[in-house]
$ cat target-v9.cif   # mmCIF, C-alpha atoms
data_entry
#
loop_
_atom_site.group_PDB
_atom_site.id
_atom_site.type_symbol
_atom_site.label_atom_id
_atom_site.label_comp_id
_atom_site.auth_asym_id
_atom_site.auth_seq_id
_atom_site.Cartn_x
_atom_site.Cartn_y
_atom_site.Cartn_z
ATOM 1 C CA MET A 1 -18.082 18.772 -1.383
ATOM 2 C CA ASN A 2 -14.812 18.491 0.537
ATOM 3 C CA ASN A 3 -12.891 15.426 -0.693
ATOM 4 C CA LYS A 4 -10.565 15.652 2.318
ATOM 5 C CA ALA A 5 -13.335 14.153 4.467
ATOM 6 C CA MET A 6 -12.161 10.778 3.107
ATOM 7 C CA TYR A 7 -8.884 11.277 4.981
ATOM 8 C CA ASN A 8 -10.787 11.026 8.283
ATOM 9 C CA LEU A 9 -11.669 7.385 7.648
ATOM 10 C CA THR A 10 -9.461 4.966 9.581
ATOM 11 C CA TYR A 11 -7.063 2.926 7.477
ATOM 12 C CA GLY A 12 -4.344 0.448 8.199
ATOM 13 C CA LEU A 13 -1.377 -0.115 5.898
ATOM 14 C CA PHE A 14 -0.306 -3.493 4.601
ATOM 15 C CA VAL A 15 2.080 -5.209 2.186
ATOM 16 C CA LEU A 16 0.069 -7.475 -0.099
ATOM 17 C CA THR A 17 2.113 -10.292 -1.668
ATOM 18 C CA SER A 18 1.326 -12.993 -4.207
ATOM 19 C CA ARG A 19 3.027 -15.304 -6.707
ATOM 20 C CA VAL A 20 2.372 -16.849 -10.115
ATOM 21 C CA GLY A 21 4.893 -19.390 -11.400
ATOM 22 C CA GLU A 22 8.329 -18.071 -10.454
ATOM 23 C CA LYS A 23 7.177 -14.431 -10.264
ATOM 24 C CA ASP A 24 6.723 -12.882 -6.800
ATOM 25 C CA SER A 25 5.569 -9.347 -6.166
ATOM 26 C CA GLY A 26 4.105 -7.117 -3.491
ATOM 27 C CA CYS A 27 2.461 -3.725 -3.109
ATOM 28 C CA ILE A 28 1.161 -1.397 -0.416
ATOM 29 C CA ILE A 29 -2.600 -1.395 0.190
ATOM 30 C CA ASN A 30 -4.706 0.376 2.799
ATOM 31 C CA THR A 31 -7.922 -1.638 2.708
ATOM 32 C CA ALA A 32 -7.977 -4.981 4.505
ATOM 33 C CA GLY A 33 -10.230 -6.261 7.239
ATOM 34 C CA GLN A 34 -12.047 -9.217 8.724
ATOM 35 C CA VAL A 35 -15.568 -9.673 7.353
ATOM 36 C CA THR A 36 -16.674 -12.909 9.084
ATOM 37 C CA SER A 37 -15.337 -14.926 12.009
ATOM 38 C CA THR A 38 -17.029 -18.287 11.310
ATOM 39 C CA PRO A 39 -15.673 -19.188 8.854
ATOM 40 C CA ASN A 40 -12.820 -16.713 9.157
ATOM 41 C CA ARG A 41 -12.801 -14.464 6.078
ATOM 42 C CA ILE A 42 -11.054 -11.218 5.196
ATOM 43 C CA SER A 43 -11.512 -8.726 2.395
ATOM 44 C CA ILE A 44 -8.945 -6.639 0.535
ATOM 45 C CA ALA A 45 -9.443 -3.936 -2.098
ATOM 46 C CA VAL A 46 -6.627 -3.680 -4.655
ATOM 47 C CA ASN A 47 -6.101 -1.129 -7.400
ATOM 48 C CA LYS A 48 -6.133 -2.811 -10.804
ATOM 49 C CA ALA A 49 -3.072 -0.766 -11.824
ATOM 50 C CA ASN A 50 -0.941 -2.759 -9.368
ATOM 51 C CA PHE A 51 0.895 -5.774 -10.787
ATOM 52 C CA THR A 52 0.226 -7.666 -7.544
ATOM 53 C CA HIS A 53 -3.508 -7.317 -8.271
ATOM 54 C CA ASP A 54 -3.007 -9.448 -11.388
ATOM 55 C CA LEU A 55 -1.045 -12.072 -9.452
ATOM 56 C CA VAL A 56 -3.776 -12.357 -6.810
ATOM 57 C CA LYS A 57 -6.471 -12.614 -9.471
ATOM 58 C CA GLU A 58 -4.609 -15.341 -11.364
ATOM 59 C CA SER A 59 -3.300 -17.368 -8.424
ATOM 60 C CA GLY A 60 -6.232 -16.940 -6.040
ATOM 61 C CA LYS A 61 -3.824 -16.709 -3.104
ATOM 62 C CA PHE A 62 -2.191 -13.898 -1.158
ATOM 63 C CA ASN A 63 -0.483 -12.885 2.063
ATOM 64 C CA ILE A 64 -1.136 -9.698 3.996
ATOM 65 C CA SER A 65 1.772 -8.420 6.106
ATOM 66 C CA ILE A 66 0.431 -5.942 8.660
ATOM 67 C CA LEU A 67 2.774 -2.968 8.921
ATOM 68 C CA SER A 68 3.626 -1.741 12.416
ATOM 69 C CA GLU A 69 4.769 1.613 13.765
ATOM 70 C CA LYS A 70 8.326 0.252 13.494
ATOM 71 C CA ALA A 71 8.067 0.216 9.677
ATOM 72 C CA SER A 72 10.527 2.489 7.907
ATOM 73 C CA PHE A 73 9.774 4.776 4.980
ATOM 74 C CA ASP A 74 12.083 2.563 2.895
ATOM 75 C CA THR A 75 9.513 -0.244 3.122
ATOM 76 C CA PHE A 76 6.837 2.047 1.702
ATOM 77 C CA LYS A 77 9.166 3.208 -1.077
ATOM 78 C CA HIS A 78 10.214 -0.338 -1.907
ATOM 79 C CA PHE A 79 6.711 -1.766 -2.217
ATOM 80 C CA GLY A 80 4.756 1.378 -3.077
ATOM 81 C CA PHE A 81 6.840 3.572 -5.378
ATOM 82 C CA GLN A 82 7.920 1.059 -8.045
ATOM 83 C CA SER A 83 6.086 -1.484 -10.166
ATOM 84 C CA GLY A 84 6.506 -5.226 -10.056
ATOM 85 C CA ARG A 85 6.076 -5.217 -13.825
ATOM 86 C CA THR A 86 9.537 -3.722 -14.223
ATOM 87 C CA VAL A 87 11.294 -4.524 -10.915
ATOM 88 C CA ASN A 88 11.755 -7.762 -9.005
ATOM 89 C CA LYS A 89 10.932 -6.406 -5.553
ATOM 90 C CA PHE A 90 12.240 -9.498 -3.775
ATOM 91 C CA GLU A 91 15.588 -9.773 -5.538
ATOM 92 C CA GLY A 92 18.156 -9.083 -2.837
ATOM 93 C CA TYR A 93 15.440 -8.109 -0.347
ATOM 94 C CA PRO A 94 16.338 -9.793 2.974
ATOM 95 C CA ALA A 95 13.394 -8.914 5.241
ATOM 96 C CA CYS A 96 11.046 -11.682 4.108
ATOM 97 C CA LYS A 97 10.248 -15.369 4.502
ATOM 98 C CA ARG A 98 7.943 -17.804 2.748
ATOM 99 C CA SER A 99 4.867 -19.015 4.586
ATOM 100 C CA GLU A 100 3.270 -22.452 4.238
ATOM 101 C CA ASN A 101 1.419 -21.362 1.071
ATOM 102 C CA GLY A 102 4.721 -20.609 -0.676
ATOM 103 C CA LEU A 103 4.259 -16.835 -0.684
ATOM 104 C CA TYR A 104 6.498 -14.228 0.884
ATOM 105 C CA TYR A 105 5.594 -12.245 3.984
ATOM 106 C CA ILE A 106 7.526 -9.279 5.366
ATOM 107 C CA THR A 107 9.498 -9.823 8.575
ATOM 108 C CA GLU A 108 10.674 -6.300 9.488
ATOM 109 C CA GLY A 109 8.360 -3.454 10.460
ATOM 110 C CA THR A 110 5.396 -5.821 10.643
ATOM 111 C CA ASN A 111 3.478 -7.299 13.558
ATOM 112 C CA ALA A 112 1.579 -10.167 11.881
ATOM 113 C CA TYR A 113 0.785 -11.838 8.592
ATOM 114 C CA ILE A 114 -2.304 -13.569 7.230
ATOM 115 C CA SER A 115 -2.404 -16.145 4.429
ATOM 116 C CA ALA A 116 -5.651 -16.421 2.481
ATOM 117 C CA THR A 117 -7.358 -18.047 -0.513
ATOM 118 C CA VAL A 118 -9.722 -15.993 -2.685
ATOM 119 C CA GLU A 119 -13.351 -17.128 -2.658
ATOM 120 C CA GLN A 120 -14.915 -14.223 -4.532
ATOM 121 C CA ALA A 121 -13.726 -11.266 -6.631
ATOM 122 C CA ILE A 122 -15.971 -8.233 -7.134
ATOM 123 C CA ASP A 123 -15.212 -5.661 -9.832
ATOM 124 C CA LEU A 124 -15.409 -2.161 -8.330
ATOM 125 C CA GLY A 125 -14.154 -0.149 -11.296
ATOM 126 C CA SER A 126 -10.668 1.060 -10.382
ATOM 127 C CA HIS A 127 -10.288 -1.701 -7.777
ATOM 128 C CA THR A 128 -11.173 -5.338 -7.227
ATOM 129 C CA LEU A 129 -12.600 -6.438 -3.890
ATOM 130 C CA PHE A 130 -11.328 -9.899 -2.975
ATOM 131 C CA ILE A 131 -13.179 -11.941 -0.341
ATOM 132 C CA ALA A 132 -10.888 -14.666 0.965
ATOM 133 C CA ALA A 133 -10.785 -17.531 3.439
ATOM 134 C CA VAL A 134 -8.023 -17.346 6.056
ATOM 135 C CA ASP A 135 -5.668 -20.331 5.787
ATOM 136 C CA ASP A 136 -2.969 -19.376 8.280
ATOM 137 C CA MET A 137 -1.797 -16.422 10.385
ATOM 138 C CA GLU A 138 0.978 -15.619 12.824
ATOM 139 C CA VAL A 139 1.787 -12.778 15.218
ATOM 140 C CA LEU A 140 5.321 -11.480 14.628
ATOM 141 C CA ALA A 141 5.644 -8.605 17.124
ATOM 142 C CA ALA A 142 3.726 -6.654 19.762
ATOM 143 C CA ASP A 143 4.234 -3.244 18.109
ATOM 144 C CA PRO A 144 1.054 -1.260 17.288
ATOM 145 C CA SER A 145 -0.209 -1.403 13.716
ATOM 146 C CA THR A 146 0.504 1.560 11.450
ATOM 147 C CA THR A 147 -2.527 3.648 10.606
ATOM 148 C CA TYR A 148 -2.645 5.948 7.631
ATOM 149 C CA SER A 149 -2.607 8.925 10.021
ATOM 150 C CA TYR A 150 0.495 7.606 11.791
ATOM 151 C CA TYR A 151 2.216 7.135 8.442
ATOM 152 C CA GLN A 152 1.463 10.730 7.494
ATOM 153 C CA SER A 153 2.593 12.195 10.820
ATOM 154 C CA SER A 154 5.504 9.977 11.848
ATOM 155 C CA ILE A 155 6.891 7.901 8.965
ATOM 156 C CA LYS A 156 6.599 9.913 5.766
ATOM 157 C CA PRO A 157 9.444 12.457 5.536
ATOM 158 C CA LYS A 158 8.403 16.074 5.803
ATOM 159 C CA PRO A 159 8.941 17.928 2.509
ATOM 160 C CA GLU A 160 11.420 20.772 2.411
ATOM 161 C CA GLN A 161 9.815 24.166 2.627
ATOM 162 C CA ASN A 162 10.249 26.628 -0.232
ATOM 163 C CA THR A 163 12.074 29.776 0.785
ATOM 164 C CA ALA A 164 11.261 31.862 -2.294
ATOM 165 C CA LYS A 165 8.371 34.164 -1.441
ATOM 166 C CA GLY A 166 5.379 33.970 -3.715
ATOM 167 C CA LYS A 167 6.475 30.662 -5.229
ATOM 168 C CA THR A 168 3.641 28.204 -5.820
ATOM 169 C CA THR A 169 4.150 24.457 -5.551
ATOM 170 C CA TRP A 170 1.931 21.396 -5.373
ATOM 171 C CA ARG A 171 2.716 18.744 -2.777
ATOM 172 C CA CYS A 172 1.677 15.105 -3.004
ATOM 173 C CA THR A 173 -0.189 14.255 0.201
ATOM 174 C CA ILE A 174 0.802 10.607 -0.159
ATOM 175 C CA CYS A 175 4.591 10.693 -0.542
ATOM 176 C CA GLY A 176 5.562 14.384 -0.269
ATOM 177 C CA TYR A 177 6.783 14.879 -3.860
ATOM 178 C CA VAL A 178 6.757 18.589 -4.823
ATOM 179 C CA TYR A 179 5.747 19.899 -8.256
ATOM 180 C CA GLU A 180 6.684 23.500 -9.048
ATOM 181 C CA GLY A 181 4.286 25.641 -11.041
ATOM 182 C CA GLU A 182 1.264 27.901 -10.779
ATOM 183 C CA GLU A 183 -1.070 25.191 -12.071
ATOM 184 C CA LEU A 184 -0.914 21.434 -11.687
ATOM 185 C CA PRO A 185 -2.019 19.600 -14.865
ATOM 186 C CA ALA A 186 -5.282 17.731 -14.310
ATOM 187 C CA ASP A 187 -3.774 14.536 -15.689
ATOM 188 C CA PHE A 188 -0.560 14.786 -13.642
ATOM 189 C CA ILE A 189 0.637 11.539 -12.029
ATOM 190 C CA CYS A 190 3.107 11.628 -9.140
ATOM 191 C CA PRO A 191 6.400 10.186 -10.438
ATOM 192 C CA LEU A 192 7.125 8.590 -7.054
ATOM 193 C CA CYS A 193 3.910 7.025 -5.750
ATOM 194 C CA LYS A 194 1.816 7.171 -8.966
ATOM 195 C CA HIS A 195 -1.111 8.952 -7.315
ATOM 196 C CA PRO A 196 -3.189 11.403 -9.383
ATOM 197 C CA ALA A 197 -3.432 15.195 -9.280
ATOM 198 C CA SER A 198 -6.400 14.954 -6.889
ATOM 199 C CA ASP A 199 -3.978 13.836 -4.154
ATOM 200 C CA PHE A 200 -1.888 17.033 -4.414
ATOM 201 C CA GLU A 201 -2.333 20.133 -2.271
ATOM 202 C CA LYS A 202 -1.413 23.664 -3.291
ATOM 203 C CA VAL A 203 1.363 25.337 -1.269
ATOM 204 C CA THR A 204 2.282 29.000 -1.597
ATOM 205 C CA ALA A 205 5.412 30.252 0.145
#

$ encode --input "target-v9.cif" --output "structure tokens"
Amino acid sequence: MNNKAMYNLTYGLFVLTSRVGEKDSGCIINTAGQVTSTPNRISIAVNKANFTHDLVKESGKFNISILSEKASFDTFKHFGFQSGRTVNKFEGYPACKRSENGLYYITEGTNAYISATVEQAIDLGSHTLFIAAVDDMEVLAADPSTTYSYYQSSIKPKPEQNTAKGKTTWRCTICGYVYEGEELPADFICPLCKHPASDFEKVTA
């Protein structure tokens, strides 16, 4: 079985935001879509390891900011490579506004946002699938939406190539982090994007 076949599925990329009390947070997700038009409902799948997952589950409300091809890698680092459990991602972050539901949405590198209220949560093991009713939505720009393929080819920085012949490294296919060594530990977690060893590829110079 070739696990890379999963990479051929089409994904968008989004900043999911939510709030409980005075605590705001946001994270990058790649699974969001419309499931019904009447009434208008969307679904999102969120990894349980993300702090924003807990905020959505507790509050029952969220915003999805749809990332465009104008999004910078800094946006992905800001919302994807650090945890809201230890960092206030909105402290001093200027590229956001609050929508009518009181939650933040991202104003730069996005082309639209959707506000929604959770109607159903389905436990999928590592993730929770939230089915939600659309409360509000606005178009912010005409730029095309970022796909996962576009992120890989045009936004994510290309890793530096090793010049030492015969040197083996392992490269994270998500963020480009490079681990040096003949073998990558099976339980290795990328220190930047927190993805597991299964998302690394072997590179031999």

$ residues_around --input "target-v9.cif" --residues "stretch 41-58 of chain A" --least-positions-apart "6" --cutoff "7 Å" --atoms "all atoms listed in the file" --output "VMD selection string"
chain A and resid 17 to 20 25 to 27 29 31 to 35 83 to 85 126 to 134

$ atom_distance --input "target-v9.cif" --atom1 "atom CA of A:Phe73" --atom2 "atom CA of A:Tyr151"
8.6 Å

$ axis_aligned_box --input "target-v9.cif" --around "stretch 86-96 of chain A" --padding-each-side "8 Å" --output "JSON"
{"center_x": 13.8, "center_y": -7.7, "center_z": -4.5, "size_x": 24.6, "size_y": 24.0, "size_z": 35.5}

$ residues_around --input "target-v9.cif" --residues "A:Cys193" --least-positions-apart "5" --cutoff "9 Å" --atoms "only C-alpha atoms" --output "PyMOL selection string"
chain A and resi 77+80-82+172+174-175+177

$ closest_residue --input "target-v9.cif" --among "A:Gln120, A:Asn111, A:Ser65, A:Ser198" --to "A:Asp143" --atoms "all atoms listed in the file"
A:Asn111

$ atom_distance --input "target-v9.cif" --atom1 "atom CA of A:Ser72" --atom2 "atom CA of A:Ala95"
12.1 Å

$ residues_around --input "target-v9.cif" --residues "A:Tyr179" --least-positions-apart "4" --cutoff "7 Å" --atoms "all atoms listed in the file" --output "PyMOL selection string"
chain A and resi 169-171

$ resolve_selection --input "target-v9.cif" --expression "the PyMOL selection byres ((chain A and resi 145) around 9)" --output "NGL selection string"
:A and (12-13 or 66-70 or 110-111 or 142-144 or 146-147)

$ write_last_selection --input "target-v9.cif" --atoms "C-alpha atoms" --output "tab-separated table (two decimals), in the coordinates of the input"
chain	number	residue	atom	x	y	z
A	12	GLY	CA	-4.34	0.45	8.20
A	13	LEU	CA	-1.38	-0.12	5.90
A	66	ILE	CA	0.43	-5.94	8.66
A	67	LEU	CA	2.77	-2.97	8.92
A	68	SER	CA	3.63	-1.74	12.42
A	69	GLU	CA	4.77	1.61	13.76
A	70	LYS	CA	8.33	0.25	13.49
A	110	THR	CA	5.40	-5.82	10.64
A	111	ASN	CA	3.48	-7.30	13.56
A	142	ALA	CA	3.73	-6.65	19.76
A	143	ASP	CA	4.23	-3.24	18.11
A	144	PRO	CA	1.05	-1.26	17.29
A	146	THR	CA	0.50	1.56	11.45
A	147	THR	CA	-2.53	3.65	10.61

$ atom_distance --input "target-v9.cif" --atom1 "atom CA of A:Glu22" --atom2 "atom CA of A:Thr86"
14.9 Å

$ closest_residue --input "target-v9.cif" --among "A:Leu9, A:Leu184, A:Met137, A:Ile189" --to "A:Glu201" --atoms "only C-alpha atoms"
A:Leu184

$ residues_around --input "target-v9.cif" --residues "A:Lys158" --least-positions-apart "5" --cutoff "9 Å" --atoms "all atoms listed in the file" --output "PDB file with C-alpha atoms, in the coordinates of the input"
ATOM      1  CA  GLN A 152       1.463  10.730   7.494  1.00  0.00           C
ATOM      2  CA  SER A 153       2.593  12.195  10.820  1.00  0.00           C
ATOM      3  CA  GLY A 176       5.562  14.384  -0.269  1.00  0.00           C
TER       4      GLY A 176
END

$ resolve_selection --input "target-v9.cif" --expression "the PyMOL selection byres ((chain A and resi 98) around 12)" --output "PyMOL selection string"
chain A and resi 17-19+24+62-63+65+90+94-97+99-107+113-115

$ closest_residue --input "target-v9.cif" --among "A:Leu16, A:Ala5, A:Ala71, A:Leu124" --to "A:Ser154" --atoms "only C-alpha atoms"
A:Ala71

$ build_atoms --input "target-v9.cif" --residues "stretch 26-50 of chain A" --atoms "N, CA and C atoms" --output "PDB file, in the frame of the given file"
ATOM      1  N   GLY A  26       4.829  -7.642  -4.642  1.00  0.00           N
ATOM      2  CA  GLY A  26       4.105  -7.117  -3.491  1.00  0.00           C
ATOM      3  C   GLY A  26       3.829  -5.646  -3.682  1.00  0.00           C
ATOM      4  N   CYS A  27       2.800  -5.146  -3.034  1.00  0.00           N
ATOM      5  CA  CYS A  27       2.461  -3.725  -3.109  1.00  0.00           C
ATOM      6  C   CYS A  27       1.837  -3.283  -1.798  1.00  0.00           C
ATOM      7  N   ILE A  28       1.795  -1.982  -1.601  1.00  0.00           N
ATOM      8  CA  ILE A  28       1.161  -1.397  -0.416  1.00  0.00           C
ATOM      9  C   ILE A  28      -0.332  -1.231  -0.678  1.00  0.00           C
ATOM     10  N   ILE A  29      -1.162  -1.669   0.257  1.00  0.00           N
ATOM     11  CA  ILE A  29      -2.600  -1.395   0.190  1.00  0.00           C
ATOM     12  C   ILE A  29      -3.050  -0.850   1.544  1.00  0.00           C
ATOM     13  N   ASN A  30      -4.205  -0.186   1.540  1.00  0.00           N
ATOM     14  CA  ASN A  30      -4.706   0.376   2.799  1.00  0.00           C
ATOM     15  C   ASN A  30      -6.100  -0.117   3.145  1.00  0.00           C
ATOM     16  N   THR A  31      -6.571  -1.143   2.441  1.00  0.00           N
ATOM     17  CA  THR A  31      -7.922  -1.638   2.708  1.00  0.00           C
ATOM     18  C   THR A  31      -7.894  -3.141   2.906  1.00  0.00           C
ATOM     19  N   ALA A  32      -7.912  -3.571   4.153  1.00  0.00           N
ATOM     20  CA  ALA A  32      -7.977  -4.981   4.505  1.00  0.00           C
ATOM     21  C   ALA A  32      -8.683  -5.101   5.843  1.00  0.00           C
ATOM     22  N   GLY A  33      -9.524  -6.097   5.976  1.00  0.00           N
ATOM     23  CA  GLY A  33     -10.230  -6.261   7.239  1.00  0.00           C
ATOM     24  C   GLY A  33     -10.957  -7.585   7.306  1.00  0.00           C
ATOM     25  N   GLN A  34     -11.281  -8.000   8.517  1.00  0.00           N
ATOM     26  CA  GLN A  34     -12.047  -9.217   8.724  1.00  0.00           C
ATOM     27  C   GLN A  34     -13.506  -8.940   8.400  1.00  0.00           C
ATOM     28  N   VAL A  35     -14.151  -9.857   7.680  1.00  0.00           N
ATOM     29  CA  VAL A  35     -15.568  -9.673   7.353  1.00  0.00           C
ATOM     30  C   VAL A  35     -16.462 -10.703   8.024  1.00  0.00           C
ATOM     31  N   THR A  36     -15.931 -11.912   8.304  1.00  0.00           N
ATOM     32  CA  THR A  36     -16.674 -12.909   9.084  1.00  0.00           C
ATOM     33  C   THR A  36     -15.684 -13.656   9.972  1.00  0.00           C
ATOM     34  N   SER A  37     -16.199 -14.170  11.092  1.00  0.00           N
ATOM     35  CA  SER A  37     -15.337 -14.926  12.009  1.00  0.00           C
ATOM     36  C   SER A  37     -15.535 -16.434  11.880  1.00  0.00           C
ATOM     37  N   THR A  38     -16.746 -16.859  11.472  1.00  0.00           N
ATOM     38  CA  THR A  38     -17.029 -18.287  11.310  1.00  0.00           C
ATOM     39  C   THR A  38     -17.781 -18.517  10.012  1.00  0.00           C
ATOM     40  N   PRO A  39     -17.110 -18.961   8.945  1.00  0.00           N
ATOM     41  CA  PRO A  39     -15.673 -19.188   8.854  1.00  0.00           C
ATOM     42  C   PRO A  39     -14.916 -17.864   8.804  1.00  0.00           C
ATOM     43  N   ASN A  40     -13.630 -17.923   9.099  1.00  0.00           N
ATOM     44  CA  ASN A  40     -12.820 -16.713   9.157  1.00  0.00           C
ATOM     45  C   ASN A  40     -12.507 -16.230   7.743  1.00  0.00           C
ATOM     46  N   ARG A  41     -13.022 -15.043   7.400  1.00  0.00           N
ATOM     47  CA  ARG A  41     -12.801 -14.464   6.078  1.00  0.00           C
ATOM     48  C   ARG A  41     -12.328 -13.026   6.221  1.00  0.00           C
ATOM     49  N   ILE A  42     -11.480 -12.606   5.264  1.00  0.00           N
ATOM     50  CA  ILE A  42     -11.054 -11.218   5.196  1.00  0.00           C
ATOM     51  C   ILE A  42     -11.360 -10.675   3.805  1.00  0.00           C
ATOM     52  N   SER A  43     -11.348  -9.360   3.699  1.00  0.00           N
ATOM     53  CA  SER A  43     -11.512  -8.726   2.395  1.00  0.00           C
ATOM     54  C   SER A  43     -10.348  -7.766   2.174  1.00  0.00           C
ATOM     55  N   ILE A  44      -9.945  -7.630   0.921  1.00  0.00           N
ATOM     56  CA  ILE A  44      -8.945  -6.639   0.535  1.00  0.00           C
ATOM     57  C   ILE A  44      -9.435  -5.953  -0.734  1.00  0.00           C
ATOM     58  N   ALA A  45      -9.151  -4.668  -0.868  1.00  0.00           N
ATOM     59  CA  ALA A  45      -9.443  -3.936  -2.098  1.00  0.00           C
ATOM     60  C   ALA A  45      -8.113  -3.543  -2.714  1.00  0.00           C
ATOM     61  N   VAL A  46      -7.917  -3.883  -3.997  1.00  0.00           N
ATOM     62  CA  VAL A  46      -6.627  -3.680  -4.655  1.00  0.00           C
ATOM     63  C   VAL A  46      -6.829  -2.939  -5.963  1.00  0.00           C
ATOM     64  N   ASN A  47      -6.039  -1.894  -6.153  1.00  0.00           N
ATOM     65  CA  ASN A  47      -6.101  -1.129  -7.400  1.00  0.00           C
ATOM     66  C   ASN A  47      -5.657  -2.017  -8.561  1.00  0.00           C
ATOM     67  N   LYS A  48      -6.439  -1.976  -9.644  1.00  0.00           N
ATOM     68  CA  LYS A  48      -6.133  -2.811 -10.804  1.00  0.00           C
ATOM     69  C   LYS A  48      -4.816  -2.422 -11.476  1.00  0.00           C
ATOM     70  N   ALA A  49      -4.334  -1.211 -11.218  1.00  0.00           N
ATOM     71  CA  ALA A  49      -3.072  -0.766 -11.824  1.00  0.00           C
ATOM     72  C   ALA A  49      -1.872  -1.468 -11.213  1.00  0.00           C
ATOM     73  N   ASN A  50      -2.048  -2.080 -10.042  1.00  0.00           N
ATOM     74  CA  ASN A  50      -0.941  -2.759  -9.368  1.00  0.00           C
ATOM     75  C   ASN A  50      -0.710  -4.148  -9.968  1.00  0.00           C
TER      76      ASN A  50
END
